[in-house]
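A.B. asks: Below is a structure I'd like to ask you about.
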Amino acid sequence: MIHVIMGLKGSGKTKKLLGAIRDTVAASQGDVVCIEYGKKLTYDVSYKVRLVDSQEYGIRSAEMLKGFLSGLHAGNFDITHVFIDNLYKTIGNDKAAAEDFVTWCAKFASDNNMEITMTISEDPAQASEVVKQYI
C-alpha cells in the first residue's frame with residue numbers, strides 16, 4: 001500500500017508526514033525508514049526510525065531510488081514502512097519519472113508487505129490519474 005501526500009510548498013506536507021511517522025512508530029511491530037533530502041528532519045523524527053539522507057548516497061533519479069529501496073529491503077526484511085520526504089527534490093522534477101516511480105512503489109510495497117508514504121510538492125489538481133488514486 002502506498003500513500004501520497006501532495007500539495008504546494010508551505011501546505012503542511014512535511015507536518016502530515018511527521019504525524020504519520022509518529023503514529024507508525026507507536027503502532028509498528030517492524031522497522032521504519034525515512035528517506036529525506038538533506039538533514040532537516042533529524043530532530044523531528046524518533047530515534048527508532050532509520051533516517052536516511054538521499055544526498056549522502058547520491059540518489060538523483062527514480063531508477064536510483066528504486067535500487068536503493070530494493071537494497072534496503074534486501075538487507076532488512078523487517079522493514080514495514082518507508083517514508084520519502086520531498087520526492088521531486090530526490091529524483092528531480094520529471095513528472096513522468098515520478099508517475100512511473102509511484103506505480104513501481106505500489107507493486108513493490110504490495111509484493112513485500114510494506115507501506116510507502118511519500119510527499120510530492122505539486123498542486124493536487126495537477127496530479128495524474130495514476131498518482132490521484134494514492135492521494
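Naming works like this for the C-alpha cells: A, B, ... for the chains as they're shown, residue 1 at the start of each chain, ligands 1 onward in shown order.
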Can you list, as a list in words, every protein, DNA or RNA residue that comes within 9 Å of Lys39 of chain A when you count only C-alpha atoms, leaving out same-chain residues fewer than 4 positions away?

C.D. replies: Leu51, Val52 and Asp53 of chain A

A.B. asks: Restrict the selected residues to N, CA and C atoms and save them as a PDB file, in the first residue's frame.

C.D. replies:
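Written out: again-v8.pdb:
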```
ATOM      1  N   LEU A  51      16.753   7.086   9.729  1.00  0.00           N
ATOM      2  CA  LEU A  51      16.697   8.301   8.919  1.00  0.00           C
ATOM      3  C   LEU A  51      17.840   8.283   7.908  1.00  0.00           C
ATOM      4  N   VAL A  52      17.511   8.403   6.627  1.00  0.00           N
ATOM      5  CA  VAL A  52      18.491   8.313   5.549  1.00  0.00           C
ATOM      6  C   VAL A  52      18.457   9.598   4.729  1.00  0.00           C
ATOM      7  N   ASP A  53      19.620  10.213   4.543  1.00  0.00           N
ATOM      8  CA  ASP A  53      19.742  11.396   3.694  1.00  0.00           C
ATOM      9  C   ASP A  53      20.083  10.923   2.280  1.00  0.00           C
TER      10      ASP A  53
END
```

A.B. asks: List the neighbours of Asp31 of chain A out to 10 Å using only C-alpha atoms; skip same-chain residues closer than 6 positions along the sequence, and give me the result as number ranges by chain.

C.D. replies: A: 24-25, 48-50, 76-82

A.B. asks: Write a file of the selected residues as a compact mmCIF listing (two decimals), in the first residue's frame, keeping N, CA and C atoms.

C.D. replies:
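The result, stored in result_37.txt:
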```txt
# COMPACT_ATOMS: atom_id res chain seq x y z
N THR A 24 3.01 5.70 13.17
CA THR A 24 3.53 4.41 12.72
C THR A 24 4.50 3.83 13.74
N VAL A 25 5.41 4.67 14.25
CA VAL A 25 6.39 4.19 15.23
C VAL A 25 5.68 3.68 16.48
N LYS A 48 13.92 5.80 16.86
CA LYS A 48 13.55 4.46 16.44
C LYS A 48 13.44 4.33 14.92
N VAL A 49 13.43 5.46 14.24
CA VAL A 49 13.29 5.49 12.78
C VAL A 49 14.68 5.57 12.16
N ARG A 50 14.94 4.75 11.15
CA ARG A 50 16.21 4.83 10.41
C ARG A 50 16.08 5.98 9.44
N ASN A 76 17.11 -5.92 4.90
CA ASN A 76 16.30 -5.96 6.11
C ASN A 76 14.85 -6.26 5.75
N PHE A 77 14.46 -7.51 5.88
CA PHE A 77 13.09 -7.92 5.56
C PHE A 77 12.08 -7.46 6.61
N ASP A 78 12.56 -6.89 7.72
CA ASP A 78 11.67 -6.44 8.78
C ASP A 78 11.15 -5.02 8.57
N ILE A 79 11.54 -4.37 7.47
CA ILE A 79 11.04 -3.01 7.19
C ILE A 79 9.56 -3.12 6.81
N THR A 80 8.72 -2.43 7.58
CA THR A 80 7.29 -2.44 7.31
C THR A 80 6.80 -1.13 6.72
N HIS A 81 7.52 -0.04 6.98
CA HIS A 81 7.11 1.27 6.50
C HIS A 81 8.31 2.05 5.99
N VAL A 82 8.12 2.70 4.84
CA VAL A 82 9.14 3.61 4.29
C VAL A 82 8.45 4.94 4.02
```

A.B. asks: I need the residues of segment 69-100 of chain A that end up classed as alpha helix (DSSP H) by DSSP on the backbone, written out as a ChimeraX atom specification.

C.D. replies: /A:69-75,87-91,95-100

A.B. asks: One decimal, in Å: what's the spacing between atom CA of Asp44 of chain A and atom CA of Thr119 of chain A?

C.D. replies: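 So the two atoms, atom CA of Asp44 of chain A and atom CA of Thr119 of chain A, lie 16.1 Å apart.
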
A.B. asks: Find the residue from A:Gly67, A:Ser54, A:Pro124, A:Val130 that sits nearest to Ile5 of chain A; use only C-alpha atoms when measuring.

C.D. replies: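 Among the listed residues, A:Pro124 lies closest to Ile5 of chain A.
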
A.B. asks: With 9 Å as the cut-off and only C-alpha atoms counted, what is the closest atom pair between each nearby residue of segment 17-73 of chain A and segment 97-101 of chain A? Distances in Å to one decimal, ordered by chain and number, as a Markdown table.

C.D. replies:
```
| residue | atom | partner | partner_atom | distance |
| --- | --- | --- | --- | --- |
| A:Ser61 | CA | A:Ala97 | CA | 8.2 |
| A:Ala62 | CA | A:Phe101 | CA | 6.1 |
| A:Glu63 | CA | A:Phe101 | CA | 8.0 |
| A:Leu65 | CA | A:Phe101 | CA | 8.6 |
| A:Lys66 | CA | A:Phe101 | CA | 7.5 |
```

A.B. asks: Excluding Arg60 of chain A and any residue of its chain fewer than 3 positions from it, enumerate the residues within 10 Å of it, using only C-alpha atoms, and give them as a PyMOL selection string.

C.D. replies: chain A and resi 54-55+57+63-65+88-92

A.B. asks: Between atom CA of Asp23 of chain A and atom CA of Ala127 of chain A, what distance in Å does the model show, to one decimal?

C.D. replies: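 Separating atom CA of Asp23 of chain A from atom CA of Ala127 of chain A is a distance of 26.5 Å.
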
A.B. asks: Show me, as an mmCIF file with N, CA, C and O atoms, in the first residue's frame, the residues that have an atom within 12 Å of Lys15 of chain A when counting only C-alpha atoms, minus same-chain residues fewer than 6 positions from it.

C.D. replies:
```cif
data_model
loop_
_atom_site.group_PDB
_atom_site.id
_atom_site.type_symbol
_atom_site.label_atom_id
_atom_site.label_comp_id
_atom_site.auth_asym_id
_atom_site.auth_seq_id
_atom_site.Cartn_x
_atom_site.Cartn_y
_atom_site.Cartn_z
ATOM 1 N N ILE A 5 1.204 12.211 -0.166
ATOM 2 C CA ILE A 5 0.797 13.476 0.442
ATOM 3 C C ILE A 5 1.256 14.550 -0.524
ATOM 4 O O ILE A 5 2.460 14.729 -0.733
ATOM 5 N N MET A 6 0.301 15.223 -1.137
ATOM 6 C CA MET A 6 0.632 16.162 -2.205
ATOM 7 C C MET A 6 0.096 17.542 -1.877
ATOM 8 O O MET A 6 -1.004 17.685 -1.347
ATOM 9 N N GLY A 7 0.870 18.555 -2.201
ATOM 10 C CA GLY A 7 0.453 19.935 -2.006
ATOM 11 C C GLY A 7 1.567 20.879 -2.405
ATOM 12 O O GLY A 7 2.724 20.466 -2.587
ATOM 13 N N LYS A 9 4.199 24.108 -1.946
ATOM 14 C CA LYS A 9 5.141 24.464 -0.883
ATOM 15 C C LYS A 9 4.416 25.239 0.214
ATOM 16 O O LYS A 9 3.646 26.164 -0.064
ATOM 17 N N ILE A 21 4.589 9.400 10.646
ATOM 18 C CA ILE A 21 5.754 8.682 11.166
ATOM 19 C C ILE A 21 5.573 8.416 12.662
ATOM 20 O O ILE A 21 5.793 7.292 13.129
ATOM 21 N N ARG A 22 5.145 9.431 13.409
ATOM 22 C CA ARG A 22 4.922 9.247 14.850
ATOM 23 C C ARG A 22 3.892 8.164 15.116
ATOM 24 O O ARG A 22 4.086 7.292 15.969
ATOM 25 N N LEU A 41 15.213 16.752 9.040
ATOM 26 C CA LEU A 41 14.267 16.076 9.935
ATOM 27 C C LEU A 41 14.943 15.420 11.141
ATOM 28 O O LEU A 41 14.280 14.771 11.939
ATOM 29 N N ASP A 44 13.255 15.982 14.393
ATOM 30 C CA ASP A 44 11.801 15.833 14.375
ATOM 31 C C ASP A 44 11.352 14.372 14.360
ATOM 32 O O ASP A 44 10.186 14.088 14.607
ATOM 33 N N VAL A 45 12.257 13.463 14.048
ATOM 34 C CA VAL A 45 11.919 12.059 13.890
ATOM 35 C C VAL A 45 12.497 11.259 15.059
ATOM 36 O O VAL A 45 13.626 11.489 15.481
ATOM 37 N N ASP A 85 10.389 11.881 2.029
ATOM 38 C CA ASP A 85 10.047 13.298 2.083
ATOM 39 C C ASP A 85 10.578 13.997 0.845
ATOM 40 O O ASP A 85 11.753 13.905 0.524
ATOM 41 N N THR A 119 5.907 12.395 0.016
ATOM 42 C CA THR A 119 5.369 13.727 -0.226
ATOM 43 C C THR A 119 5.836 14.195 -1.601
ATOM 44 O O THR A 119 6.961 13.922 -2.019
#
```

A.B. asks: Please return, as a PyMOL selection string, all residues of chain A that DSSP assigns to strand (DSSP E or B) on the basis of the backbone.

C.D. replies: chain A and resi 2-7+31-36+49-53+79-84+115-121

A.B. asks: Would you mind reading off the distance between atom CA of Ala27 of chain A and atom CA of Ser46 of chain A, one decimal, in Å?

C.D. replies: 13.2 Å
